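**Student:** The structure under discussion is supplied below as structure tokens; questions concerning it will follow.
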Amino acid sequence: MDYQLLDSGHLQKWERFGPFILQRPCPQAIWSPRGDIKADAIFSREEGKGWTFRRSLPREWEIEVEGVRLLLSLTDFGHIGFFPEHVSEWSWLKKRSRGSFLNLFAYSGALSLMLAKRGVSVCHLDAARGMVDWAKKNASLNGVSQVRWIVEDVMKFVKREVKRGRCYEGIALDPPTFGRGAQGEVFKIENDLVELLQLCAALQPKFLLLTCHTPGFTPTVLSHLLTQLFPSPAKIEVEELLISSEATLSLPCGTVARIELSV
């Protein structure tokens, strides 16, 4: 895989994406780093700083992750088009995904393309047209053409799918703490997550994968919520979402919940 977590500490993380090493903020990493890695590019959230460079990087470059080719690019907000912590959940999805799949807050499409390459019928939704365009570029890199691309507010879309009586075998959602829909609609996780999960349940999935990066939405918090929304006999697993590494300490990145409604 063209990705590796190299080190973390002093509120920073060092990662290799293909031939380049990036250093970015990581507020969880309050320990000390194990080494002294010189990054090719460093991102700072301090006003007016952004990216600084030790060597020139291309505007875009490709990596391959678990057989999926991805186009990366440095953005003004520190993202690069790939969340490596999600890859740890791909094997769970591969064992269950065969029919139709709905990917909400789907970003640049790594998960969508992994499933589409396995013959799964994927509906990919993100409220940002630029992100969907990025995902389409990734689809072209992988020779994938059968994904259903949607640029829309997630709540509006899912409500409409429920009214249509549409069903999905599986659903993944990675909701932001705060986001805006395609027409300026506001999503706040503390206000809207419960309704969104209830709407997802109305689409009659056999399983859901929920990843959450919002501080305070710990495994205990999500476990309490999900056991209320999806009572027995649903099977629910909730734990820390981690990037594991042989070179350094595992890095916590949020919480992941795996929900099986048909057990």
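Each chain of the structure tokens is named A, B, ... in the order shown, its residues numbered from 1; ligands are numbered from 1 in display order.
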So that each row is one residue of stretch 150-175 of chain A with an atom at most 9 Å from stretch 199-223 of chain A, can you give its shortest atom pair and the distance in Å to one decimal, using only C-alpha atoms, rows by chain and rising number, as JSON lines?

**Tutor:**
```
{"residue": "A:Met155", "atom": "CA", "partner": "A:Leu199", "partner_atom": "CA", "distance": 8.4}
{"residue": "A:Val158", "atom": "CA", "partner": "A:Leu199", "partner_atom": "CA", "distance": 6.6}
{"residue": "A:Lys159", "atom": "CA", "partner": "A:Leu199", "partner_atom": "CA", "distance": 6.7}
{"residue": "A:Glu161", "atom": "CA", "partner": "A:Leu203", "partner_atom": "CA", "distance": 7.6}
{"residue": "A:Val162", "atom": "CA", "partner": "A:Leu203", "partner_atom": "CA", "distance": 6.0}
{"residue": "A:Gly165", "atom": "CA", "partner": "A:Leu203", "partner_atom": "CA", "distance": 7.4}
{"residue": "A:Arg166", "atom": "CA", "partner": "A:Leu203", "partner_atom": "CA", "distance": 6.3}
{"residue": "A:Cys167", "atom": "CA", "partner": "A:Leu203", "partner_atom": "CA", "distance": 4.6}
{"residue": "A:Tyr168", "atom": "CA", "partner": "A:Pro205", "partner_atom": "CA", "distance": 5.2}
{"residue": "A:Glu169", "atom": "CA", "partner": "A:Pro205", "partner_atom": "CA", "distance": 4.6}
{"residue": "A:Gly170", "atom": "CA", "partner": "A:Phe207", "partner_atom": "CA", "distance": 5.1}
{"residue": "A:Ile171", "atom": "CA", "partner": "A:Leu208", "partner_atom": "CA", "distance": 4.8}
{"residue": "A:Ala172", "atom": "CA", "partner": "A:Leu209", "partner_atom": "CA", "distance": 4.6}
{"residue": "A:Leu173", "atom": "CA", "partner": "A:Leu210", "partner_atom": "CA", "distance": 5.2}
{"residue": "A:Asp174", "atom": "CA", "partner": "A:Thr211", "partner_atom": "CA", "distance": 4.9}
{"residue": "A:Pro175", "atom": "CA", "partner": "A:Cys212", "partner_atom": "CA", "distance": 6.4}
```

**Student:** What's the 9 Å shell around A:Gly35, counting only C-alpha atoms, without same-chain residues fewer than 2 positions away, as a PyMOL selection string?

**Tutor:** chain A and resi 7-8+32-33+37

**Student:** DSSP on the backbone: which residues in stretch 106-231 of chain A end up as strand (DSSP E or B)? Give the answer as a PDB file with N, CA and C atoms, in the first residue's frame.

**Tutor:**
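And here is the file that came out, part.pdb:
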```
ATOM      1  N   SER A 121     -23.303  -2.309  -6.579  1.00  0.00           N
ATOM      2  CA  SER A 121     -23.985  -1.157  -7.160  1.00  0.00           C
ATOM      3  C   SER A 121     -23.984  -0.021  -6.141  1.00  0.00           C
ATOM      4  N   VAL A 122     -23.165   1.008  -6.377  1.00  0.00           N
ATOM      5  CA  VAL A 122     -22.920   2.050  -5.378  1.00  0.00           C
ATOM      6  C   VAL A 122     -23.597   3.359  -5.764  1.00  0.00           C
ATOM      7  N   CYS A 123     -24.278   3.960  -4.789  1.00  0.00           N
ATOM      8  CA  CYS A 123     -24.766   5.336  -4.900  1.00  0.00           C
ATOM      9  C   CYS A 123     -23.881   6.197  -4.011  1.00  0.00           C
ATOM     10  N   HIS A 124     -23.182   7.145  -4.613  1.00  0.00           N
ATOM     11  CA  HIS A 124     -22.182   7.970  -3.935  1.00  0.00           C
ATOM     12  C   HIS A 124     -22.731   9.388  -3.799  1.00  0.00           C
ATOM     13  N   LEU A 125     -22.866   9.866  -2.542  1.00  0.00           N
ATOM     14  CA  LEU A 125     -23.433  11.191  -2.315  1.00  0.00           C
ATOM     15  C   LEU A 125     -22.486  12.059  -1.505  1.00  0.00           C
ATOM     16  N   ASP A 126     -22.302  13.282  -1.980  1.00  0.00           N
ATOM     17  CA  ASP A 126     -21.608  14.312  -1.216  1.00  0.00           C
ATOM     18  C   ASP A 126     -22.227  15.653  -1.589  1.00  0.00           C
ATOM     19  N   ARG A 148     -23.468   5.620  -9.226  1.00  0.00           N
ATOM     20  CA  ARG A 148     -24.493   6.668  -9.309  1.00  0.00           C
ATOM     21  C   ARG A 148     -24.001   7.854  -8.483  1.00  0.00           C
ATOM     22  N   TRP A 149     -23.733   8.985  -9.140  1.00  0.00           N
ATOM     23  CA  TRP A 149     -23.155  10.149  -8.474  1.00  0.00           C
ATOM     24  C   TRP A 149     -24.261  11.134  -8.105  1.00  0.00           C
ATOM     25  N   ILE A 150     -24.290  11.584  -6.852  1.00  0.00           N
ATOM     26  CA  ILE A 150     -25.311  12.512  -6.370  1.00  0.00           C
ATOM     27  C   ILE A 150     -24.635  13.682  -5.659  1.00  0.00           C
ATOM     28  N   VAL A 151     -24.968  14.916  -6.070  1.00  0.00           N
ATOM     29  CA  VAL A 151     -24.543  16.126  -5.359  1.00  0.00           C
ATOM     30  C   VAL A 151     -25.795  16.721  -4.719  1.00  0.00           C
ATOM     31  N   GLY A 170     -26.588  -2.121   2.047  1.00  0.00           N
ATOM     32  CA  GLY A 170     -25.661  -1.559   3.017  1.00  0.00           C
ATOM     33  C   GLY A 170     -25.568  -0.051   2.895  1.00  0.00           C
ATOM     34  N   ILE A 171     -25.214   0.591   3.995  1.00  0.00           N
ATOM     35  CA  ILE A 171     -25.059   2.051   4.028  1.00  0.00           C
ATOM     36  C   ILE A 171     -23.819   2.397   4.841  1.00  0.00           C
ATOM     37  N   ALA A 172     -23.016   3.315   4.333  1.00  0.00           N
ATOM     38  CA  ALA A 172     -21.906   3.887   5.090  1.00  0.00           C
ATOM     39  C   ALA A 172     -22.131   5.379   5.222  1.00  0.00           C
ATOM     40  N   LEU A 173     -21.831   5.922   6.380  1.00  0.00           N
ATOM     41  CA  LEU A 173     -21.942   7.365   6.566  1.00  0.00           C
ATOM     42  C   LEU A 173     -20.813   7.854   7.461  1.00  0.00           C
ATOM     43  N   PHE A 178     -19.978  19.654  11.457  1.00  0.00           N
ATOM     44  CA  PHE A 178     -20.816  20.713  10.874  1.00  0.00           C
ATOM     45  C   PHE A 178     -20.589  20.722   9.376  1.00  0.00           C
ATOM     46  N   GLY A 179     -21.655  20.813   8.617  1.00  0.00           N
ATOM     47  CA  GLY A 179     -21.517  20.866   7.166  1.00  0.00           C
ATOM     48  C   GLY A 179     -22.664  21.618   6.537  1.00  0.00           C
ATOM     49  N   ARG A 180     -22.461  21.985   5.272  1.00  0.00           N
ATOM     50  CA  ARG A 180     -23.513  22.665   4.512  1.00  0.00           C
ATOM     51  C   ARG A 180     -23.865  21.845   3.284  1.00  0.00           C
ATOM     52  N   VAL A 186     -27.878  23.347   6.482  1.00  0.00           N
ATOM     53  CA  VAL A 186     -26.939  23.155   7.577  1.00  0.00           C
ATOM     54  C   VAL A 186     -27.119  21.768   8.189  1.00  0.00           C
ATOM     55  N   PHE A 187     -26.001  21.061   8.379  1.00  0.00           N
ATOM     56  CA  PHE A 187     -25.994  19.791   9.096  1.00  0.00           C
ATOM     57  C   PHE A 187     -25.162  19.968  10.357  1.00  0.00           C
ATOM     58  N   LYS A 188     -25.758  19.710  11.529  1.00  0.00           N
ATOM     59  CA  LYS A 188     -25.044  19.703  12.804  1.00  0.00           C
ATOM     60  C   LYS A 188     -25.215  18.326  13.404  1.00  0.00           C
ATOM     61  N   PHE A 207     -26.962  -3.836   6.909  1.00  0.00           N
ATOM     62  CA  PHE A 207     -25.860  -3.389   7.761  1.00  0.00           C
ATOM     63  C   PHE A 207     -25.556  -1.926   7.488  1.00  0.00           C
ATOM     64  N   LEU A 208     -24.991  -1.253   8.510  1.00  0.00           N
ATOM     65  CA  LEU A 208     -24.543   0.130   8.392  1.00  0.00           C
ATOM     66  C   LEU A 208     -23.151   0.245   8.983  1.00  0.00           C
ATOM     67  N   LEU A 209     -22.354   1.132   8.381  1.00  0.00           N
ATOM     68  CA  LEU A 209     -21.040   1.484   8.924  1.00  0.00           C
ATOM     69  C   LEU A 209     -21.049   2.983   9.191  1.00  0.00           C
ATOM     70  N   LEU A 210     -20.879   3.342  10.459  1.00  0.00           N
ATOM     71  CA  LEU A 210     -20.852   4.743  10.870  1.00  0.00           C
ATOM     72  C   LEU A 210     -19.463   5.080  11.381  1.00  0.00           C
ATOM     73  N   THR A 211     -18.818   6.063  10.773  1.00  0.00           N
ATOM     74  CA  THR A 211     -17.555   6.588  11.287  1.00  0.00           C
ATOM     75  C   THR A 211     -17.772   8.027  11.708  1.00  0.00           C
ATOM     76  N   CYS A 212     -17.134   8.402  12.798  1.00  0.00           N
ATOM     77  CA  CYS A 212     -17.384   9.717  13.389  1.00  0.00           C
ATOM     78  C   CYS A 212     -16.078  10.292  13.927  1.00  0.00           C
TER      79      CYS A 212
END
```

**Student:** Once DSSP has gone over the backbone, tell me which residues of stretch 112-176 of chain A are in helix (DSSP H, G or I), as an MDAnalysis selection string.

**Tutor:** chainID A and resid 112:116 129:141 154:164

**Student:** Write the selection just made, keeping N, CA and C atoms, as a PDB file, in the first residue's frame?

**Tutor:**
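selection.pdb, freshly written:
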```
ATOM      1  N   SER A 112     -16.309   4.047  -2.154  1.00  0.00           N
ATOM      2  CA  SER A 112     -17.227   3.768  -3.267  1.00  0.00           C
ATOM      3  C   SER A 112     -16.546   2.951  -4.354  1.00  0.00           C
ATOM      4  N   LEU A 113     -15.323   3.321  -4.676  1.00  0.00           N
ATOM      5  CA  LEU A 113     -14.622   2.646  -5.766  1.00  0.00           C
ATOM      6  C   LEU A 113     -14.160   1.260  -5.361  1.00  0.00           C
ATOM      7  N   MET A 114     -13.759   1.083  -4.105  1.00  0.00           N
ATOM      8  CA  MET A 114     -13.392  -0.248  -3.631  1.00  0.00           C
ATOM      9  C   MET A 114     -14.555  -1.214  -3.816  1.00  0.00           C
ATOM     10  N   LEU A 115     -15.760  -0.773  -3.469  1.00  0.00           N
ATOM     11  CA  LEU A 115     -16.935  -1.641  -3.601  1.00  0.00           C
ATOM     12  C   LEU A 115     -17.348  -1.808  -5.063  1.00  0.00           C
ATOM     13  N   ALA A 116     -17.321  -0.716  -5.818  1.00  0.00           N
ATOM     14  CA  ALA A 116     -17.720  -0.790  -7.227  1.00  0.00           C
ATOM     15  C   ALA A 116     -16.829  -1.749  -8.003  1.00  0.00           C
ATOM     16  N   ARG A 129     -19.901  19.660  -4.791  1.00  0.00           N
ATOM     17  CA  ARG A 129     -19.705  19.241  -6.178  1.00  0.00           C
ATOM     18  C   ARG A 129     -18.230  19.006  -6.485  1.00  0.00           C
ATOM     19  N   GLY A 130     -17.363  19.814  -5.886  1.00  0.00           N
ATOM     20  CA  GLY A 130     -15.936  19.627  -6.133  1.00  0.00           C
ATOM     21  C   GLY A 130     -15.442  18.270  -5.676  1.00  0.00           C
ATOM     22  N   MET A 131     -15.987  17.767  -4.550  1.00  0.00           N
ATOM     23  CA  MET A 131     -15.582  16.453  -4.071  1.00  0.00           C
ATOM     24  C   MET A 131     -16.109  15.347  -4.973  1.00  0.00           C
ATOM     25  N   VAL A 132     -17.323  15.497  -5.464  1.00  0.00           N
ATOM     26  CA  VAL A 132     -17.867  14.490  -6.378  1.00  0.00           C
ATOM     27  C   VAL A 132     -17.082  14.490  -7.689  1.00  0.00           C
ATOM     28  N   ASP A 133     -16.692  15.660  -8.158  1.00  0.00           N
ATOM     29  CA  ASP A 133     -15.853  15.723  -9.362  1.00  0.00           C
ATOM     30  C   ASP A 133     -14.515  15.020  -9.115  1.00  0.00           C
ATOM     31  N   TRP A 134     -13.957  15.191  -7.933  1.00  0.00           N
ATOM     32  CA  TRP A 134     -12.708  14.518  -7.554  1.00  0.00           C
ATOM     33  C   TRP A 134     -12.923  12.996  -7.568  1.00  0.00           C
ATOM     34  N   ALA A 135     -14.042  12.558  -6.999  1.00  0.00           N
ATOM     35  CA  ALA A 135     -14.355  11.125  -6.980  1.00  0.00           C
ATOM     36  C   ALA A 135     -14.510  10.575  -8.398  1.00  0.00           C
ATOM     37  N   LYS A 136     -15.073  11.370  -9.290  1.00  0.00           N
ATOM     38  CA  LYS A 136     -15.222  10.919 -10.688  1.00  0.00           C
ATOM     39  C   LYS A 136     -13.857  10.748 -11.353  1.00  0.00           C
ATOM     40  N   LYS A 137     -12.910  11.630 -11.034  1.00  0.00           N
ATOM     41  CA  LYS A 137     -11.550  11.460 -11.554  1.00  0.00           C
ATOM     42  C   LYS A 137     -10.949  10.156 -11.050  1.00  0.00           C
ATOM     43  N   ASN A 138     -11.166   9.868  -9.763  1.00  0.00           N
ATOM     44  CA  ASN A 138     -10.685   8.607  -9.214  1.00  0.00           C
ATOM     45  C   ASN A 138     -11.345   7.411  -9.893  1.00  0.00           C
ATOM     46  N   ALA A 139     -12.626   7.552 -10.208  1.00  0.00           N
ATOM     47  CA  ALA A 139     -13.320   6.474 -10.910  1.00  0.00           C
ATOM     48  C   ALA A 139     -12.686   6.210 -12.272  1.00  0.00           C
ATOM     49  N   SER A 140     -12.318   7.282 -12.960  1.00  0.00           N
ATOM     50  CA  SER A 140     -11.667   7.121 -14.265  1.00  0.00           C
ATOM     51  C   SER A 140     -10.331   6.398 -14.126  1.00  0.00           C
ATOM     52  N   LEU A 141      -9.576   6.718 -13.059  1.00  0.00           N
ATOM     53  CA  LEU A 141      -8.297   6.043 -12.828  1.00  0.00           C
ATOM     54  C   LEU A 141      -8.479   4.540 -12.661  1.00  0.00           C
ATOM     55  N   VAL A 154     -27.641  15.643   2.260  1.00  0.00           N
ATOM     56  CA  VAL A 154     -27.868  14.246   2.607  1.00  0.00           C
ATOM     57  C   VAL A 154     -29.263  14.016   3.175  1.00  0.00           C
ATOM     58  N   MET A 155     -29.768  14.911   4.013  1.00  0.00           N
ATOM     59  CA  MET A 155     -31.076  14.710   4.619  1.00  0.00           C
ATOM     60  C   MET A 155     -32.183  14.753   3.561  1.00  0.00           C
ATOM     61  N   LYS A 156     -32.089  15.707   2.643  1.00  0.00           N
ATOM     62  CA  LYS A 156     -33.090  15.790   1.584  1.00  0.00           C
ATOM     63  C   LYS A 156     -33.097  14.533   0.727  1.00  0.00           C
ATOM     64  N   PHE A 157     -31.907  14.066   0.370  1.00  0.00           N
ATOM     65  CA  PHE A 157     -31.811  12.908  -0.503  1.00  0.00           C
ATOM     66  C   PHE A 157     -32.364  11.654   0.167  1.00  0.00           C
ATOM     67  N   VAL A 158     -31.966  11.414   1.414  1.00  0.00           N
ATOM     68  CA  VAL A 158     -32.404  10.195   2.086  1.00  0.00           C
ATOM     69  C   VAL A 158     -33.914  10.228   2.328  1.00  0.00           C
ATOM     70  N   LYS A 159     -34.460  11.382   2.689  1.00  0.00           N
ATOM     71  CA  LYS A 159     -35.914  11.483   2.851  1.00  0.00           C
ATOM     72  C   LYS A 159     -36.640  11.138   1.550  1.00  0.00           C
ATOM     73  N   ARG A 160     -36.101  11.613   0.448  1.00  0.00           N
ATOM     74  CA  ARG A 160     -36.724  11.315  -0.841  1.00  0.00           C
ATOM     75  C   ARG A 160     -36.617   9.833  -1.193  1.00  0.00           C
ATOM     76  N   GLU A 161     -35.485   9.219  -0.886  1.00  0.00           N
ATOM     77  CA  GLU A 161     -35.329   7.796  -1.144  1.00  0.00           C
ATOM     78  C   GLU A 161     -36.313   6.977  -0.303  1.00  0.00           C
ATOM     79  N   VAL A 162     -36.556   7.400   0.941  1.00  0.00           N
ATOM     80  CA  VAL A 162     -37.534   6.706   1.787  1.00  0.00           C
ATOM     81  C   VAL A 162     -38.921   6.809   1.176  1.00  0.00           C
ATOM     82  N   LYS A 163     -39.295   8.003   0.712  1.00  0.00           N
ATOM     83  CA  LYS A 163     -40.610   8.180   0.090  1.00  0.00           C
ATOM     84  C   LYS A 163     -40.765   7.335  -1.161  1.00  0.00           C
ATOM     85  N   ARG A 164     -39.686   7.155  -1.888  1.00  0.00           N
ATOM     86  CA  ARG A 164     -39.715   6.334  -3.098  1.00  0.00           C
ATOM     87  C   ARG A 164     -39.800   4.847  -2.795  1.00  0.00           C
TER      88      ARG A 164
END
```

**Student:** Report, in Å with one decimal, the straight-line distance from atom CA of A:Glu240 to atom CA of A:Glu85.

**Tutor:** 10.4 Å

**Student:** Under the rule that only C-alpha atoms are counted, which of A:Leu71, A:Glu239, A:Pro252, A:Ile259 is the nearest residue to A:Leu226?

**Tutor:** A:Ile259

**Student:** What is the atom CA of A:Pro84-atom CA of A:Ala29 distance in Å, reported with one decimal?

**Tutor:** 16.6 Å

**Student:** Could you pull the residues within 12 Å of A:Gly50, counting only C-alpha atoms, minus those fewer than 3 positions along the same chain, as a list in words?

**Tutor:**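 So, after excluding close chain neighbours, the residues are Gln23, Arg24, Pro25, Ala41, Ile42, Phe43, Ser44, Arg45, Glu46, Glu47, Phe53, Leu74, Thr75, Asp76, Phe77, Gly78 and His79 of chain A.
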
**Student:** What's the 6 Å shell around stretch 229-238 of chain A, counting only C-alpha atoms, without same-chain residues fewer than 5 positions away, as a VMD selection string?

**Tutor:** chain A and resid 219 256 to 261

**Student:** Write out the residues from the selection above, keeping C-alpha atoms, as a PDB file, in the first residue's frame.

**Tutor:**
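Final file, result.pdb:
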```pdb
ATOM      1  CA  PRO A 219     -17.453   4.759  21.680  1.00  0.00           C
ATOM      2  CA  VAL A 256     -16.430   3.505  14.302  1.00  0.00           C
ATOM      3  CA  ALA A 257     -19.720   1.639  14.684  1.00  0.00           C
ATOM      4  CA  ARG A 258     -20.617  -1.530  12.776  1.00  0.00           C
ATOM      5  CA  ILE A 259     -24.325  -2.306  12.855  1.00  0.00           C
ATOM      6  CA  GLU A 260     -25.854  -5.518  11.507  1.00  0.00           C
ATOM      7  CA  LEU A 261     -29.632  -5.364  11.317  1.00  0.00           C
TER       8      LEU A 261
END
```

**Student:** Smallest atom-to-atom distance to A:Gln228: which of A:Leu197, A:Trp92, A:Ile30, A:Ser145, using only C-alpha atoms?

**Tutor:**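 Using only C-alpha atoms, A:Gln228 sits closest to A:Leu197.
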
**Student:** Give me, please, the distance in Å between atom CA of A:Ile80 and atom CA of A:Glu15, quoted to one decimal.

**Tutor:**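 Straight-line distance from atom CA of A:Ile80 to atom CA of A:Glu15 works out to 11.6 Å.
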